[in-house]
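Below is one structure, written out as structure tokens, with a few remarks after it.
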Amino acid sequence: MTIRILLIIILFAISALGQINLNVDATDAPRNIVHVRESMPVSPGEFTLFYPKWIPGEHAPEGTLNDIVNLFFTADGKPLEWRRDDVEMFAFHVDVPEGVTKIDVAFDYVYQPFTHATANLARLKWNRLVLYPRGAKSDDVSVTASLRLPKGWKFATALEVDKETGNGIDFKPVNLTTFIDSPAIVGRYFQRVPLASAGTGSVPVFMDIVAESEAALKYQPGTLKGWKNLVAQSELTFGARHYAKYDFLLTLSGVGGYEGLEHHESSENGVGEDALSNAGELLDLSELLGHEYVHSWNGKYRRPATLATPDFEQPMHGELLWVYEGLTQYLGKVLTARSGLWNETMFRESFAELAAELDGQTGRRWRPLVDTSRAVQFTYDSPRAGRNMRRGADYYDEGALVWLDADVTIREMSGGSRSLNDFLQRFHGGESTGAKVVTYDLDEIVRTLNEVQPFDWRTFFVDRVYRVNKRAPLGGITNGGWKLDYTAVPNKATIVGDHMFSIGLLVSPDGEVLDTNPDLAAAKAGLAPGMFVRTVNGAEFSLETLRAAVAATSRGETKITVVAQSGGEQSTLTLVYEGGERYPHLVRDPMKKDLFSAIPKALALKNGTTTREAGKTQHANKE
């Protein structure tokens with residue numbers, strides 16, 4: 001036997017070990033159970049399988065290991081001994097006898113109640129439904145998958161279908177990386193809405209919707225126009241795309257759980273059942289869609305090298321999440337406005353709200369922004385109580401302020417001839433391609449920005465991200481010709497019960513104190529997270545009575561008396577305050593040129609019109 005033939009045999013054997021045949025039976029999804037069967041080639045001896053632990057987009061070891069039940073390994077119908085690793089709990093060691101070349105794996109996945117499955121729909125995250133050979137690179141493992149659905153249910157996924165038979169679907173083989181990056185939504189009430197096609201000069205893009213009811217699927221013509229504009233404005237902003245097809249996977253359920261997770265050729269977007277008919281929820285949904293769509297370019301195509309791991313066991317390092325998530329948070333707001341899903345007032349209100357919240361955080365006195373991204377493993381799960389002192393996942397919103405500042409800086413220094421759009425087209429654009437990953441580091445960010453607008457960008461980011469700052473980075477607002485101001489008129493983005501900018505109190509509808517600002521009246525009076533407000537100025541607590549009491553302080557009242565309960569004890573506390581209601585807004589600074597207002601404007605198509613104008617013209621022609 002020649003060396004070449006031996007090498008071919010060895011390579012074939014290695015590649016064979018990376019083959020997984022997977023069958024997912026979701027017929028019991030309405031009962032919160034999914035059945036999994038898989039098989040794969042093995043060699044005799046100890047063989048170790050791994051359950052995905054570090055999930056792209058979640059930036060943390062959030063594999064749902066504890067939801068696997070009824071786990072069995074067999075070979076030729078005979079049970080095999082297995083044991084969990086003593087240290088790495090996501091690894092399973094199996095003793096493979098001599099002569100065995102293939103093992104079968106069976107387990108059930110149990111959804112937590114009312115999270116990702118209901119009687120009418122389910123989200124199928126493949127990373128929760130597969131074990132793979134430990135140590136194998138996910139790009140080198142091939143998955144041939146099939147799916148079985150409840151009778152009458154439909155599905156949507158970025159995976160390519162090989163064939164459909166009744167309620168069964170066979171997918172074309174893909175590598176494990178692509179497979180896990182291509183989840184499915186399934187449900188009884190389903191609708192697929194085309195947003196772009198090859199005939200429009202784009203590639204196919206769909207809004208795939210599953211809902212709890214047929215009525216929930218209905219949307220207004222203006223909403224559809226905004227969705228189509230979102231696709232067009234995104235492609236104009238980046239100048240290219242990096243997917244062969246894209247699916248917005250939208251679930252509408254009041255009990256199915258909120259969801260927002262990016263993928264290269266799709267995104268998971270979960271909101272309430274009435275999101276398409278409720279104006280407030282539609283605004284939130286619009287930003288969610290914009291954010292997750294931007295991730296196809298920023299996060300999936302261009303990705304920090306420390307987040308591009310070869311498998312689902314290696315830890316991810318989150319330092320550059322202020323780019324991965326912060327830039328995406330900024331562009332998600334920008335593109336939602338450019339598409340017409342938000343008006344310019346909503347765009348300003350959104351930035352006013354997050355600027356005020358971040359500027360009033362006492363936690364920024366000790367903790368730099370970058371620490372919130374480096375600590376991402378527990379940042380997502382940190383409680384709301386004490387967040388003002390602790391900080392949360394601030395690389396999102398404060399990252400957005402940093403990138404707004406960068407955008408305005410470019411516009412100001414170039415006299416309006418350039419903007420962050422020029423950076424995006426250099427960094428994320430280029431030639432349109434299929435899905436692929438191109439990694440980067442901070443050096444490349446700085447270098448590309450300097451190609452667009454020469455400046456000391458490294459110091460710019462070090463000052464705002466890597467150093468402790470007692471004030472939020474508001475340069476994009478102030479240098480953009482606007483100021484942060486406070487009035488008694490609620491901000492359109494303010495949640496109910498938020499008095500953090502007046503008495504320093506965030507409270508739930510049932511009176512639970514969710515957070516306080518230690519510098520302001522509520523905390524100074526003795527209120528703290530975990531307490532419950534029972535009465536306000538002698539009246540039973542409600543959000544309305546509390547708001548009225550705060551408002552009265554602008555008319556001469558200087559005290560608010562509350563009865564607060566902590567455990568089994570109640571105490572009377574007096575808040576000393578006289579400022580009335582205070583909600584943040586942006587107001588024009590006439591002393592400076594308005595650079596901010598140009599940012600949410602729709603970009604022009606090649607013929608000089610915008611996607612919004614084109615939509616109006618088409619609508620007028622139909623009438």
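A note on labels: chains of the structure tokens are A, B, ... as shown, every chain counts residues from 1, and ligands are counted from 1 in their shown order.
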Report task. Determine, counting only C-alpha atoms, which protein, DNA and RNA residues have an atom within 8 Å of an atom of stretch 265-267 of chain A; residues of the same chain fewer than 4 positions away are not included. Present the result as a PyMOL selection string. Result -> chain A and resi 157-158+182+243-249+260-261+292-293+296+435
Query raised in the report: When DSSP works through the backbone of this structure, what residues of stretch 254-343 of chain A end up as helix (DSSP H, G or I), shown as a VMD selection string?
Result: chain A and resid 279 to 294 305 to 307 321 to 324 326 to 338
Query raised in the report: What lies within 12 Å of A:Phe179 using only C-alpha atoms, ignoring chain neighbours under 4 positions off, as number ranges by chain?
Result: A: 20, 22, 124-130, 138-146, 157-160, 171-175, 183-184, 263-266
**Report entry** Residues within 8 Å of A:Gly239, only C-alpha atoms, excluding chain neighbours under 6 positions, as number ranges by chain
**Finding:** A: 425, 429-430
**Report entry** Shell of 12 Å around A:Gly415, only C-alpha atoms, local chain residues under 4 positions omitted, as a ChimeraX atom specification
**Finding:** /A:408-411,419,453,593-595
Let me see the file: selected residues, N, CA and C atoms, as a short mmCIF file (atom, residue, chain, number, x, y, z; two decimals), in the first residue's frame.
```cif
data_model
loop_
_atom_site.label_atom_id
_atom_site.label_comp_id
_atom_site.auth_asym_id
_atom_site.auth_seq_id
_atom_site.Cartn_x
_atom_site.Cartn_y
_atom_site.Cartn_z
N VAL A 408 -20.79 61.58 14.46
CA VAL A 408 -20.84 63.04 14.46
C VAL A 408 -19.44 63.63 14.31
N THR A 409 -18.45 63.00 14.92
CA THR A 409 -17.07 63.48 14.78
C THR A 409 -16.62 63.47 13.32
N ILE A 410 -16.91 62.38 12.62
CA ILE A 410 -16.56 62.30 11.20
C ILE A 410 -17.29 63.37 10.41
N ARG A 411 -18.57 63.54 10.67
CA ARG A 411 -19.37 64.53 9.94
C ARG A 411 -18.84 65.95 10.20
N SER A 419 -19.23 60.37 6.65
CA SER A 419 -19.93 59.96 7.87
C SER A 419 -19.53 58.53 8.21
N GLN A 453 -11.45 59.16 7.95
CA GLN A 453 -11.22 60.49 8.50
C GLN A 453 -10.01 60.45 9.43
N LYS A 593 -24.19 73.76 14.83
CA LYS A 593 -24.76 73.22 13.61
C LYS A 593 -25.45 71.89 13.88
N ASP A 594 -26.59 71.67 13.26
CA ASP A 594 -27.35 70.45 13.46
C ASP A 594 -26.79 69.33 12.58
N LEU A 595 -25.95 68.48 13.14
CA LEU A 595 -25.42 67.32 12.43
C LEU A 595 -26.20 66.05 12.77
#
```
Report task. Would you work out the distance separating atom CA of A:Asp85 from atom CA of A:Thr115, expressed in Å to one decimal? Result ->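 Calculated distance between atom CA of A:Asp85 and atom CA of A:Thr115 is 28.7 Å.
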Query raised in the report: Which residues come within 12 Å of stretch 97-105 of chain A, counting only C-alpha atoms, excluding same-chain residues fewer than 4 positions away, as a VMD selection string?
Result: chain A and resid 13 16 to 24 35 to 49 70 to 82 92 129 to 133
**Report entry** Proximity to A:Arg547 - best of A:Ala29, A:Ile503, A:Val563, A:Leu514, only C-alpha atoms
**Finding:** A:Ile503
Query raised in the report: Quick one: residues within 6 Å of A:Arg338, only C-alpha atoms counted, chain neighbours fewer than 2 positions away excluded, as a ChimeraX atom specification?
Result: /A:335-336,340,600-602
